[in-house]
Amino acid sequence: MKKIAVLNDLSGLGKCSLTAAIPVISVMGVQAVPLPTAVLSNQTGYPSYYCDDYTEHMGQIMDEWEKRGFSPDGIYTGFLADEEQADKILDFLRRFRKEKTMVLVDPVMGDNGGAYGIYTEGLRERMVQLVRSAQVITPNLTEALLLLYGKEEMEKRYAGLMEADKEEHLEQIGKIGEQLVEEYGLKAAVITGGEIYNI
């Protein structure tokens, strides 16, 4: 059975992250091997939440997996709490990625034209490194623009895209996806989310 290492947060309330990824991967006949980046009472879209950062434990788990010769067929990364955690993920790739390992990165940094509270330019730099290590990425439109331009320019370009008509908007999103593929040497960039229009 193929195995995918899933490096993401575990949220109690809210259908996202590991609670969403594990059943989807499992129903595909693939074993999901979770490595939590954080444990949350609920996902961060709620007005308040408790977050237990798992950074200090990630290295210990990786050490145990390495002892056992763990070799995933795929690696999927999601929510990262900070730059230090991003460094742990880069270390994970160095230790466990083999020539044929598929890497998918969801560069969680923002949504709806705004960066999340966790965002720093340092985190963006690490995300760019992760993206360069991936074959496939799944940013939303905000994250795609953050990867390409940083926070200030993202805000300007996002606002412009929201003012464009539907046809121009969709055309520009396609071009952004192509730009990501070309700039970062990807097989695919899938721009996710519903930041378009109510049709």
# chains A, B, ... in the order shown; residues from 1 in each chain; ligands from 1
>>> residues_around(residues="Tyr50 of chain A", least_positions_apart="2", cutoff="10 Å", atoms="only C-alpha atoms", output="PDB file with N, CA and C atoms, in the first residue's frame")
ATOM      1  N   SER A  11      -7.108  19.985  13.822  1.00  0.00           N
ATOM      2  CA  SER A  11      -8.102  20.852  14.449  1.00  0.00           C
ATOM      3  C   SER A  11      -9.296  20.019  14.904  1.00  0.00           C
ATOM      4  N   VAL A  39      -1.772  21.212  17.264  1.00  0.00           N
ATOM      5  CA  VAL A  39      -3.072  20.674  17.650  1.00  0.00           C
ATOM      6  C   VAL A  39      -3.916  21.851  18.112  1.00  0.00           C
ATOM      7  N   LEU A  40      -5.082  22.026  17.455  1.00  0.00           N
ATOM      8  CA  LEU A  40      -5.943  23.171  17.760  1.00  0.00           C
ATOM      9  C   LEU A  40      -7.292  22.709  18.284  1.00  0.00           C
ATOM     10  N   SER A  41      -7.875  23.518  19.156  1.00  0.00           N
ATOM     11  CA  SER A  41      -9.220  23.232  19.656  1.00  0.00           C
ATOM     12  C   SER A  41     -10.225  23.278  18.524  1.00  0.00           C
ATOM     13  N   ASN A  42     -10.014  24.181  17.611  1.00  0.00           N
ATOM     14  CA  ASN A  42     -10.850  24.376  16.425  1.00  0.00           C
ATOM     15  C   ASN A  42     -10.025  25.134  15.402  1.00  0.00           C
ATOM     16  N   GLN A  43     -10.478  25.112  14.148  1.00  0.00           N
ATOM     17  CA  GLN A  43      -9.699  25.799  13.120  1.00  0.00           C
ATOM     18  C   GLN A  43      -9.728  27.307  13.322  1.00  0.00           C
ATOM     19  N   THR A  44      -8.772  27.977  12.711  1.00  0.00           N
ATOM     20  CA  THR A  44      -8.518  29.392  13.003  1.00  0.00           C
ATOM     21  C   THR A  44      -9.555  30.350  12.433  1.00  0.00           C
ATOM     22  N   SER A  48     -12.086  32.569  18.291  1.00  0.00           N
ATOM     23  CA  SER A  48     -10.980  32.265  19.201  1.00  0.00           C
ATOM     24  C   SER A  48     -10.637  30.784  19.072  1.00  0.00           C
ATOM     25  N   ASP A  52      -1.783  24.362  20.298  1.00  0.00           N
ATOM     26  CA  ASP A  52      -0.593  23.761  20.890  1.00  0.00           C
ATOM     27  C   ASP A  52       0.405  23.525  19.761  1.00  0.00           C
ATOM     28  N   ASP A  53       1.412  24.362  19.681  1.00  0.00           N
ATOM     29  CA  ASP A  53       2.428  24.283  18.640  1.00  0.00           C
ATOM     30  C   ASP A  53       3.247  23.008  18.835  1.00  0.00           C
TER      31      ASP A  53
END
>>> residues_around(residues="segment 62-69 of chain A", least_positions_apart="4", cutoff="10 Å", atoms="only C-alpha atoms", output="PDB file with N, CA, C and O atoms, in the first residue's frame")
ATOM      1  N   LEU A  35       1.815  13.720  10.499  1.00  0.00           N
ATOM      2  CA  LEU A  35       2.759  14.354  11.405  1.00  0.00           C
ATOM      3  C   LEU A  35       2.172  15.729  11.735  1.00  0.00           C
ATOM      4  O   LEU A  35       2.227  16.636  10.912  1.00  0.00           O
ATOM      5  N   HIS A  57       8.186  18.741  18.930  1.00  0.00           N
ATOM      6  CA  HIS A  57       7.997  17.289  18.860  1.00  0.00           C
ATOM      7  C   HIS A  57       8.246  16.729  17.461  1.00  0.00           C
ATOM      8  O   HIS A  57       8.434  15.521  17.301  1.00  0.00           O
ATOM      9  N   MET A  58       8.228  17.589  16.456  1.00  0.00           N
ATOM     10  CA  MET A  58       8.332  17.115  15.078  1.00  0.00           C
ATOM     11  C   MET A  58       9.654  16.390  14.817  1.00  0.00           C
ATOM     12  O   MET A  58       9.687  15.341  14.182  1.00  0.00           O
ATOM     13  N   LYS A  88      11.604  22.870   9.783  1.00  0.00           N
ATOM     14  CA  LYS A  88      11.418  21.447  10.104  1.00  0.00           C
ATOM     15  C   LYS A  88      10.907  20.686   8.873  1.00  0.00           C
ATOM     16  O   LYS A  88      11.322  19.554   8.612  1.00  0.00           O
ATOM     17  N   ASP A  91      13.668  20.161   6.503  1.00  0.00           N
ATOM     18  CA  ASP A  91      14.487  19.063   7.008  1.00  0.00           C
ATOM     19  C   ASP A  91      13.814  17.722   6.714  1.00  0.00           C
ATOM     20  O   ASP A  91      14.482  16.750   6.337  1.00  0.00           O
ATOM     21  N   PHE A  92      12.490  17.664   6.881  1.00  0.00           N
ATOM     22  CA  PHE A  92      11.747  16.439   6.582  1.00  0.00           C
ATOM     23  C   PHE A  92      11.973  16.031   5.125  1.00  0.00           C
ATOM     24  O   PHE A  92      12.228  14.860   4.833  1.00  0.00           O
ATOM     25  N   ARG A  95      15.360  14.533   4.583  1.00  0.00           N
ATOM     26  CA  ARG A  95      15.535  13.214   5.199  1.00  0.00           C
ATOM     27  C   ARG A  95      14.700  12.111   4.550  1.00  0.00           C
ATOM     28  O   ARG A  95      15.126  10.954   4.516  1.00  0.00           O
ATOM     29  N   PHE A  96      13.521  12.445   4.048  1.00  0.00           N
ATOM     30  CA  PHE A  96      12.592  11.393   3.619  1.00  0.00           C
ATOM     31  C   PHE A  96      12.248  11.396   2.134  1.00  0.00           C
ATOM     32  O   PHE A  96      11.714  10.413   1.633  1.00  0.00           O
TER      33      PHE A  96
END
>>> residues_around(residues="segment 139-153 of chain A", least_positions_apart="3", cutoff="9 Å", atoms="only C-alpha atoms", output="PyMOL selection string")
chain A and resi 105-115+119-121+124-125+127-128+131+156-158+173+176-177+179-180+183+189-195
>>> select_by_dssp(residues="chain A", states="strand (DSSP E)", output="ChimeraX atom specification")
/A:3-13,31-42,51-53,74-77,102-105,110-111,114-115,136-137,188-189
>>> closest_residue(among="A:Ser26, A:Ala5, A:Tyr116, A:Glu171", to="Ile61 of chain A", atoms="only C-alpha atoms")
A:Ala5
>>> closest_residue(among="A:Tyr49, A:Val136, A:Glu99, A:Gln129", to="Leu13 of chain A", atoms="only C-alpha atoms")
A:Tyr49
>>> residues_around(residues="Thr101 of chain A", least_positions_apart="2", cutoff="12 Å", atoms="only C-alpha atoms", output="PyMOL selection string")
chain A and resi 2-5+71-76+93-99+103-104+133-136
>>> atom_distance(atom1="atom CA of Asp9 of chain A", atom2="atom CA of Glu182 of chain A")
29.4 Å
>>> decode(residues="segment 124-146 of chain A", atoms="N, CA, C and O atoms", output="CSV table (one decimal), in the first residue's frame")
chain,number,residue,atom,x,y,z
A,124,ARG,N,7.3,33.5,4.3
A,124,ARG,CA,7.1,33.5,2.8
A,124,ARG,C,8.3,32.9,2.1
A,124,ARG,O,8.2,32.1,1.2
A,125,GLU,N,9.5,33.4,2.6
A,125,GLU,CA,10.8,32.9,2.0
A,125,GLU,C,10.9,31.4,2.1
A,125,GLU,O,11.3,30.7,1.2
A,126,ARG,N,10.5,30.8,3.3
A,126,ARG,CA,10.5,29.4,3.5
A,126,ARG,C,9.5,28.7,2.6
A,126,ARG,O,9.7,27.6,2.1
A,127,MET,N,8.3,29.3,2.5
A,127,MET,CA,7.3,28.7,1.6
A,127,MET,C,7.8,28.6,0.2
A,127,MET,O,7.5,27.7,-0.5
A,128,VAL,N,8.5,29.7,-0.2
A,128,VAL,CA,9.0,29.7,-1.6
A,128,VAL,C,10.0,28.5,-1.7
A,128,VAL,O,10.0,27.8,-2.8
A,129,GLN,N,10.8,28.2,-0.7
A,129,GLN,CA,11.7,27.1,-0.8
A,129,GLN,C,11.0,25.8,-0.8
A,129,GLN,O,11.3,24.9,-1.6
A,130,LEU,N,9.9,25.7,-0.1
A,130,LEU,CA,9.0,24.5,-0.1
A,130,LEU,C,8.4,24.3,-1.5
A,130,LEU,O,8.4,23.2,-2.0
A,131,VAL,N,7.9,25.4,-2.0
A,131,VAL,CA,7.3,25.3,-3.3
A,131,VAL,C,8.3,24.9,-4.4
A,131,VAL,O,7.9,24.1,-5.3
A,132,ARG,N,9.5,25.3,-4.3
A,132,ARG,CA,10.5,24.9,-5.3
A,132,ARG,C,10.9,23.4,-5.2
A,132,ARG,O,11.4,22.8,-6.1
A,133,SER,N,10.5,22.8,-4.0
A,133,SER,CA,10.8,21.4,-3.8
A,133,SER,C,9.6,20.5,-4.2
A,133,SER,O,9.7,19.3,-4.2
A,134,ALA,N,8.5,21.2,-4.6
A,134,ALA,CA,7.2,20.5,-4.9
A,134,ALA,C,7.1,20.2,-6.4
A,134,ALA,O,7.7,20.9,-7.2
A,135,GLN,N,6.2,19.2,-6.7
A,135,GLN,CA,5.8,19.1,-8.1
A,135,GLN,C,4.4,19.8,-8.3
A,135,GLN,O,4.2,20.3,-9.3
A,136,VAL,N,3.6,19.8,-7.2
A,136,VAL,CA,2.3,20.3,-7.3
A,136,VAL,C,2.0,21.2,-6.1
A,136,VAL,O,2.4,20.9,-4.9
A,137,ILE,N,1.4,22.4,-6.3
A,137,ILE,CA,1.0,23.3,-5.2
A,137,ILE,C,-0.4,23.6,-5.3
A,137,ILE,O,-1.0,23.6,-6.4
A,138,THR,N,-1.1,24.0,-4.2
A,138,THR,CA,-2.5,24.3,-4.2
A,138,THR,C,-2.8,25.6,-3.4
A,138,THR,O,-3.5,25.5,-2.4
A,139,PRO,N,-2.2,26.7,-3.9
A,139,PRO,CA,-2.5,27.9,-3.2
A,139,PRO,C,-3.9,28.5,-3.6
A,139,PRO,O,-4.4,28.2,-4.7
A,140,ASN,N,-4.5,29.2,-2.7
A,140,ASN,CA,-5.7,30.0,-3.1
A,140,ASN,C,-5.1,31.3,-3.9
A,140,ASN,O,-3.9,31.4,-4.0
A,141,LEU,N,-6.0,32.1,-4.4
A,141,LEU,CA,-5.5,33.3,-5.1
A,141,LEU,C,-4.6,34.2,-4.3
A,141,LEU,O,-3.6,34.7,-4.8
A,142,THR,N,-5.0,34.4,-3.1
A,142,THR,CA,-4.2,35.3,-2.2
A,142,THR,C,-2.8,34.7,-2.0
A,142,THR,O,-1.8,35.4,-2.1
A,143,GLU,N,-2.7,33.4,-1.8
A,143,GLU,CA,-1.4,32.7,-1.5
A,143,GLU,C,-0.6,32.7,-2.8
A,143,GLU,O,0.7,32.9,-2.7
A,144,ALA,N,-1.2,32.5,-3.9
A,144,ALA,CA,-0.5,32.5,-5.2
A,144,ALA,C,0.2,33.9,-5.4
A,144,ALA,O,1.3,34.0,-5.8
A,145,LEU,N,-0.6,35.0,-5.1
A,145,LEU,CA,0.0,36.3,-5.3
A,145,LEU,C,1.1,36.6,-4.2
A,145,LEU,O,2.1,37.3,-4.5
A,146,LEU,N,0.9,36.1,-3.0
A,146,LEU,CA,1.9,36.2,-2.0
A,146,LEU,C,3.2,35.5,-2.4
A,146,LEU,O,4.3,36.1,-2.2
